[in-house]
Amino acid sequence: MSFAINAVQSLKAAWRVITLDSDGLRDFSVTADAFWDSFKAFFIVAPMYLYSSQMGARLSQPPVDASPLFASFALLALLWVMWPWAMITISQMLGVQRNYVRYVIAYNWTTVYVVAAIIPVLLLRQADLIGAGLAALLSLVVIGWSLFIRWYVARKTLEVDGMVATALVAADLALSIGGSFLI
């Protein structure tokens with residue numbers, strides 16, 4: 001299957017997953033090619049991530065200096081491979097390595113929507129259609145939703161209980177926060 005066809009199919013499946021339709025997980029192709037293709041979602045995520053990191057810094061109260069684009073890009077690239085790499089060992093420790101490929105595929109493709117979710121808030125704030133307070137509140141809602149989606153993907157794809165999924169989300173978040181100190 002070509003990357004374009006797999007990407008469209010995977011984005012449709014990811015949409016179903018983020019709308020809490022667990023049947024969407026069956027729509028992901030779970031093959032070696034689909035696994036590696038899921039890492040190409042990076043190229044869809046990167047422009048949105050770079051925009052949100054730059055604009056988020058500029059719109060914060062008070063404004064802060066944004067990280068250089070290259071540093072933000074490097075951080076995203078590092079995190080894009082670090083969490084799946086860490087999950088190799090974690091999934092083995094949890095005894096769910098049989099679900100690892102399905103988890104990474106769903107994780108990578110749902111990231112497109114997780115990162116995209118903050119863009120409307122930033123655009124509304126940038127256009128001065130909402131104030132800083134409302135933008136902060138909406139950003140917190142988006143972050144909460146994103147963490148829930150990460151939890152849902154871990155719970156459903158790895159077939160773990162809620163506490164384990166919560167611990168995985170916390171570890172992923174800790175890795176992301178730790179990585180952000182590198183830039």
# chains A, B, ... in the order shown; residues from 1 in each chain; ligands from 1
$ residues_around --residues "stretch 100-103 of chain A" --least-positions-apart "5" --cutoff "9 Å" --atoms "only C-alpha atoms" --output "PyMOL selection string"
chain A and resi 25+28-32+35+84+87-88+91-92+108+153-154+156-158
$ residues_around --residues "A:Lys40" --least-positions-apart "3" --cutoff "12 Å" --atoms "only C-alpha atoms" --output "PDB file with N, CA and C atoms, in the first residue's frame"
ATOM      1  N   PHE A   3       2.220   5.093   0.684  1.00  0.00           N
ATOM      2  CA  PHE A   3       2.163   5.911   1.892  1.00  0.00           C
ATOM      3  C   PHE A   3       0.931   6.806   1.885  1.00  0.00           C
ATOM      4  N   ALA A   4       0.612   7.415   0.739  1.00  0.00           N
ATOM      5  CA  ALA A   4      -0.532   8.331   0.684  1.00  0.00           C
ATOM      6  C   ALA A   4      -1.834   7.619   1.049  1.00  0.00           C
ATOM      7  N   ASN A   6      -2.130   4.803   2.774  1.00  0.00           N
ATOM      8  CA  ASN A   6      -2.047   4.421   4.180  1.00  0.00           C
ATOM      9  C   ASN A   6      -2.271   5.633   5.082  1.00  0.00           C
ATOM     10  N   ALA A   7      -1.728   6.790   4.695  1.00  0.00           N
ATOM     11  CA  ALA A   7      -1.885   8.006   5.511  1.00  0.00           C
ATOM     12  C   ALA A   7      -3.356   8.404   5.604  1.00  0.00           C
ATOM     13  N   SER A  10      -5.123   5.886   7.736  1.00  0.00           N
ATOM     14  CA  SER A  10      -4.701   6.022   9.135  1.00  0.00           C
ATOM     15  C   SER A  10      -5.263   7.281   9.781  1.00  0.00           C
ATOM     16  N   ASP A  33       5.205  -2.219   7.351  1.00  0.00           N
ATOM     17  CA  ASP A  33       5.198  -0.999   6.538  1.00  0.00           C
ATOM     18  C   ASP A  33       4.352   0.091   7.188  1.00  0.00           C
ATOM     19  N   ALA A  34       3.196  -0.274   7.722  1.00  0.00           N
ATOM     20  CA  ALA A  34       2.324   0.708   8.371  1.00  0.00           C
ATOM     21  C   ALA A  34       2.995   1.275   9.622  1.00  0.00           C
ATOM     22  N   PHE A  35       3.728   0.434  10.335  1.00  0.00           N
ATOM     23  CA  PHE A  35       4.472   0.896  11.510  1.00  0.00           C
ATOM     24  C   PHE A  35       5.450   1.996  11.113  1.00  0.00           C
ATOM     25  N   TRP A  36       6.271   1.710  10.113  1.00  0.00           N
ATOM     26  CA  TRP A  36       7.280   2.700   9.696  1.00  0.00           C
ATOM     27  C   TRP A  36       6.623   3.908   9.051  1.00  0.00           C
ATOM     28  N   ASP A  37       5.546   3.705   8.299  1.00  0.00           N
ATOM     29  CA  ASP A  37       4.818   4.835   7.703  1.00  0.00           C
ATOM     30  C   ASP A  37       4.255   5.764   8.780  1.00  0.00           C
ATOM     31  N   PHE A  43       5.930  14.556   9.492  1.00  0.00           N
ATOM     32  CA  PHE A  43       5.970  15.637   8.507  1.00  0.00           C
ATOM     33  C   PHE A  43       4.643  16.390   8.413  1.00  0.00           C
ATOM     34  N   ILE A  44       3.576  15.785   8.902  1.00  0.00           N
ATOM     35  CA  ILE A  44       2.293  16.480   9.009  1.00  0.00           C
ATOM     36  C   ILE A  44       2.265  17.274  10.300  1.00  0.00           C
ATOM     37  N   VAL A  45       2.795  16.683  11.353  1.00  0.00           N
ATOM     38  CA  VAL A  45       2.780  17.300  12.678  1.00  0.00           C
ATOM     39  C   VAL A  45       3.759  18.468  12.772  1.00  0.00           C
ATOM     40  N   ALA A  46       4.927  18.340  12.182  1.00  0.00           N
ATOM     41  CA  ALA A  46       6.000  19.323  12.376  1.00  0.00           C
ATOM     42  C   ALA A  46       5.581  20.769  12.099  1.00  0.00           C
ATOM     43  N   ALA A  77      11.688  16.067  16.744  1.00  0.00           N
ATOM     44  CA  ALA A  77      12.285  14.873  16.128  1.00  0.00           C
ATOM     45  C   ALA A  77      12.787  13.908  17.203  1.00  0.00           C
ATOM     46  N   TRP A  80       9.841  12.348  18.928  1.00  0.00           N
ATOM     47  CA  TRP A  80       9.106  11.486  17.996  1.00  0.00           C
ATOM     48  C   TRP A  80       9.644  10.059  18.020  1.00  0.00           C
ATOM     49  N   VAL A  81      10.945   9.928  18.277  1.00  0.00           N
ATOM     50  CA  VAL A  81      11.532   8.584  18.316  1.00  0.00           C
ATOM     51  C   VAL A  81      11.779   8.086  19.740  1.00  0.00           C
ATOM     52  N   ILE A 105       1.516   2.827  16.102  1.00  0.00           N
ATOM     53  CA  ILE A 105       0.797   3.304  14.912  1.00  0.00           C
ATOM     54  C   ILE A 105      -0.327   4.251  15.330  1.00  0.00           C
ATOM     55  N   ASN A 108       1.176   7.566  16.898  1.00  0.00           N
ATOM     56  CA  ASN A 108       1.737   8.500  15.918  1.00  0.00           C
ATOM     57  C   ASN A 108       0.649   9.199  15.103  1.00  0.00           C
ATOM     58  N   TRP A 109      -0.338   8.451  14.628  1.00  0.00           N
ATOM     59  CA  TRP A 109      -1.365   9.071  13.790  1.00  0.00           C
ATOM     60  C   TRP A 109      -2.316   9.958  14.594  1.00  0.00           C
ATOM     61  N   THR A 111      -1.433  11.716  17.010  1.00  0.00           N
ATOM     62  CA  THR A 111      -0.657  12.919  17.311  1.00  0.00           C
ATOM     63  C   THR A 111      -0.979  14.051  16.346  1.00  0.00           C
ATOM     64  N   VAL A 112      -1.329  13.720  15.125  1.00  0.00           N
ATOM     65  CA  VAL A 112      -1.705  14.757  14.155  1.00  0.00           C
ATOM     66  C   VAL A 112      -2.852  15.594  14.718  1.00  0.00           C
TER      67      VAL A 112
END
$ closest_residue --among "A:Val121, A:Ala170, A:Val114, A:Ala132" --to "A:Trp145" --atoms "only C-alpha atoms"
A:Val114
$ atom_distance --atom1 "atom CA of A:Val8" --atom2 "atom CA of A:Tyr152"
21.5 Å
$ atom_distance --atom1 "atom CA of A:Ile90" --atom2 "atom CA of A:Ser180"
21.8 Å
$ decode --residues "stretch 39-168 of chain A" --atoms "C-alpha atoms" --output "CSV table (one decimal), in the first residue's frame"
chain,number,residue,atom,x,y,z
A,39,PHE,CA,6.6,7.8,11.7
A,40,LYS,CA,6.1,9.8,8.6
A,41,ALA,CA,3.2,11.5,10.3
A,42,PHE,CA,6.0,13.6,11.7
A,43,PHE,CA,6.0,15.6,8.5
A,44,ILE,CA,2.3,16.5,9.0
A,45,VAL,CA,2.8,17.3,12.7
A,46,ALA,CA,6.0,19.3,12.4
A,47,PRO,CA,4.6,22.5,10.7
A,48,MET,CA,1.7,22.6,13.3
A,49,TYR,CA,4.1,22.0,16.2
A,50,LEU,CA,6.5,24.7,15.0
A,51,TYR,CA,3.7,27.2,14.6
A,52,SER,CA,2.2,26.4,18.0
A,53,SER,CA,5.5,26.6,19.8
A,54,GLN,CA,6.5,29.9,18.2
A,55,MET,CA,3.0,31.5,18.4
A,56,GLY,CA,2.4,30.1,21.9
A,57,ALA,CA,5.6,31.8,23.2
A,58,ARG,CA,4.7,35.1,21.4
A,59,LEU,CA,1.2,35.2,22.7
A,60,SER,CA,1.9,34.2,26.3
A,61,GLN,CA,1.5,36.8,29.0
A,62,PRO,CA,4.1,38.2,29.3
A,63,PRO,CA,5.5,37.2,25.9
A,64,VAL,CA,8.6,35.0,26.1
A,65,ASP,CA,11.3,34.4,23.6
A,66,ALA,CA,10.5,31.5,21.4
A,67,SER,CA,13.0,28.7,21.0
A,68,PRO,CA,14.8,28.9,17.7
A,69,LEU,CA,12.9,27.0,15.0
A,70,PHE,CA,15.7,24.5,14.6
A,71,ALA,CA,15.7,23.8,18.3
A,72,SER,CA,12.0,23.2,18.3
A,73,PHE,CA,12.3,21.0,15.3
A,74,ALA,CA,15.1,19.0,16.9
A,75,LEU,CA,13.1,18.5,20.1
A,76,LEU,CA,10.1,17.3,18.1
A,77,ALA,CA,12.3,14.9,16.1
A,78,LEU,CA,13.9,13.6,19.3
A,79,LEU,CA,10.6,13.1,21.1
A,80,TRP,CA,9.1,11.5,18.0
A,81,VAL,CA,11.5,8.6,18.3
A,82,MET,CA,12.3,8.6,22.1
A,83,TRP,CA,8.9,7.6,23.3
A,84,PRO,CA,8.4,4.7,20.9
A,85,TRP,CA,11.9,3.6,21.7
A,86,ALA,CA,11.2,3.7,25.5
A,87,MET,CA,8.0,1.9,24.9
A,88,ILE,CA,9.9,-1.1,23.5
A,89,THR,CA,11.2,-1.8,27.0
A,90,ILE,CA,8.1,-0.7,28.8
A,91,SER,CA,5.8,-2.9,26.8
A,92,GLN,CA,8.1,-5.9,27.4
A,93,MET,CA,8.1,-5.1,31.2
A,94,LEU,CA,4.3,-4.9,31.1
A,95,GLY,CA,4.0,-8.1,29.1
A,96,VAL,CA,2.1,-6.3,26.3
A,97,GLN,CA,4.8,-6.3,23.6
A,98,ARG,CA,2.3,-8.1,21.3
A,99,ASN,CA,0.4,-4.8,21.1
A,100,TYR,CA,3.4,-2.5,20.7
A,101,VAL,CA,3.1,-2.0,17.0
A,102,ARG,CA,-0.6,-1.2,17.2
A,103,TYR,CA,0.1,1.3,20.0
A,104,VAL,CA,2.8,3.1,18.1
A,105,ILE,CA,0.8,3.3,14.9
A,106,ALA,CA,-2.2,4.7,16.7
A,107,TYR,CA,-0.1,7.0,18.9
A,108,ASN,CA,1.7,8.5,15.9
A,109,TRP,CA,-1.4,9.1,13.8
A,110,THR,CA,-3.5,10.5,16.6
A,111,THR,CA,-0.7,12.9,17.3
A,112,VAL,CA,-1.7,14.8,14.2
A,113,TYR,CA,-5.0,15.7,15.8
A,114,VAL,CA,-3.6,16.2,19.3
A,115,VAL,CA,-1.1,18.8,17.9
A,116,ALA,CA,-3.7,20.3,15.6
A,117,ALA,CA,-6.2,20.8,18.5
A,118,ILE,CA,-4.3,23.9,19.8
A,119,ILE,CA,-4.2,25.7,16.5
A,120,PRO,CA,-7.7,27.2,16.6
A,121,VAL,CA,-7.0,28.6,20.1
A,122,LEU,CA,-3.8,30.2,18.8
A,123,LEU,CA,-5.4,31.6,15.7
A,124,LEU,CA,-8.2,33.1,17.7
A,125,ARG,CA,-5.8,34.7,20.1
A,126,GLN,CA,-3.5,35.9,17.3
A,127,ALA,CA,-6.4,37.6,15.6
A,128,ASP,CA,-7.3,39.1,19.0
A,129,LEU,CA,-10.8,37.5,18.9
A,130,ILE,CA,-10.3,36.1,22.4
A,131,GLY,CA,-8.4,37.5,25.3
A,132,ALA,CA,-5.4,36.0,27.0
A,133,GLY,CA,-7.4,34.6,29.9
A,134,LEU,CA,-9.9,32.7,27.6
A,135,ALA,CA,-7.0,31.5,25.5
A,136,ALA,CA,-5.2,30.1,28.6
A,137,LEU,CA,-8.4,28.4,29.7
A,138,LEU,CA,-9.0,26.9,26.2
A,139,SER,CA,-5.4,25.8,26.1
A,140,LEU,CA,-5.8,23.9,29.4
A,141,VAL,CA,-8.9,22.2,28.0
A,142,VAL,CA,-7.0,21.2,24.9
A,143,ILE,CA,-4.1,19.9,27.1
A,144,GLY,CA,-6.6,17.9,29.2
A,145,TRP,CA,-8.2,16.5,26.1
A,146,SER,CA,-4.8,15.6,24.7
A,147,LEU,CA,-3.8,13.7,27.8
A,148,PHE,CA,-7.1,11.9,27.8
A,149,ILE,CA,-6.6,10.8,24.2
A,150,ARG,CA,-3.1,9.6,25.1
A,151,TRP,CA,-4.6,7.6,27.9
A,152,TYR,CA,-7.4,6.2,25.7
A,153,VAL,CA,-4.9,5.1,23.0
A,154,ALA,CA,-2.7,3.4,25.6
A,155,ARG,CA,-5.6,1.7,27.3
A,156,LYS,CA,-7.3,0.5,24.1
A,157,THR,CA,-4.3,-0.5,22.0
A,158,LEU,CA,-2.1,-2.0,24.7
A,159,GLU,CA,-5.1,-3.5,26.5
A,160,VAL,CA,-3.9,-2.3,29.9
A,161,ASP,CA,-6.0,-1.1,32.8
A,162,GLY,CA,-6.6,2.6,33.5
A,163,MET,CA,-3.9,3.0,36.1
A,164,VAL,CA,-1.2,1.5,33.8
A,165,ALA,CA,-2.4,3.8,31.0
A,166,THR,CA,-2.3,6.8,33.4
A,167,ALA,CA,1.3,5.9,34.4
A,168,LEU,CA,2.2,5.6,30.7
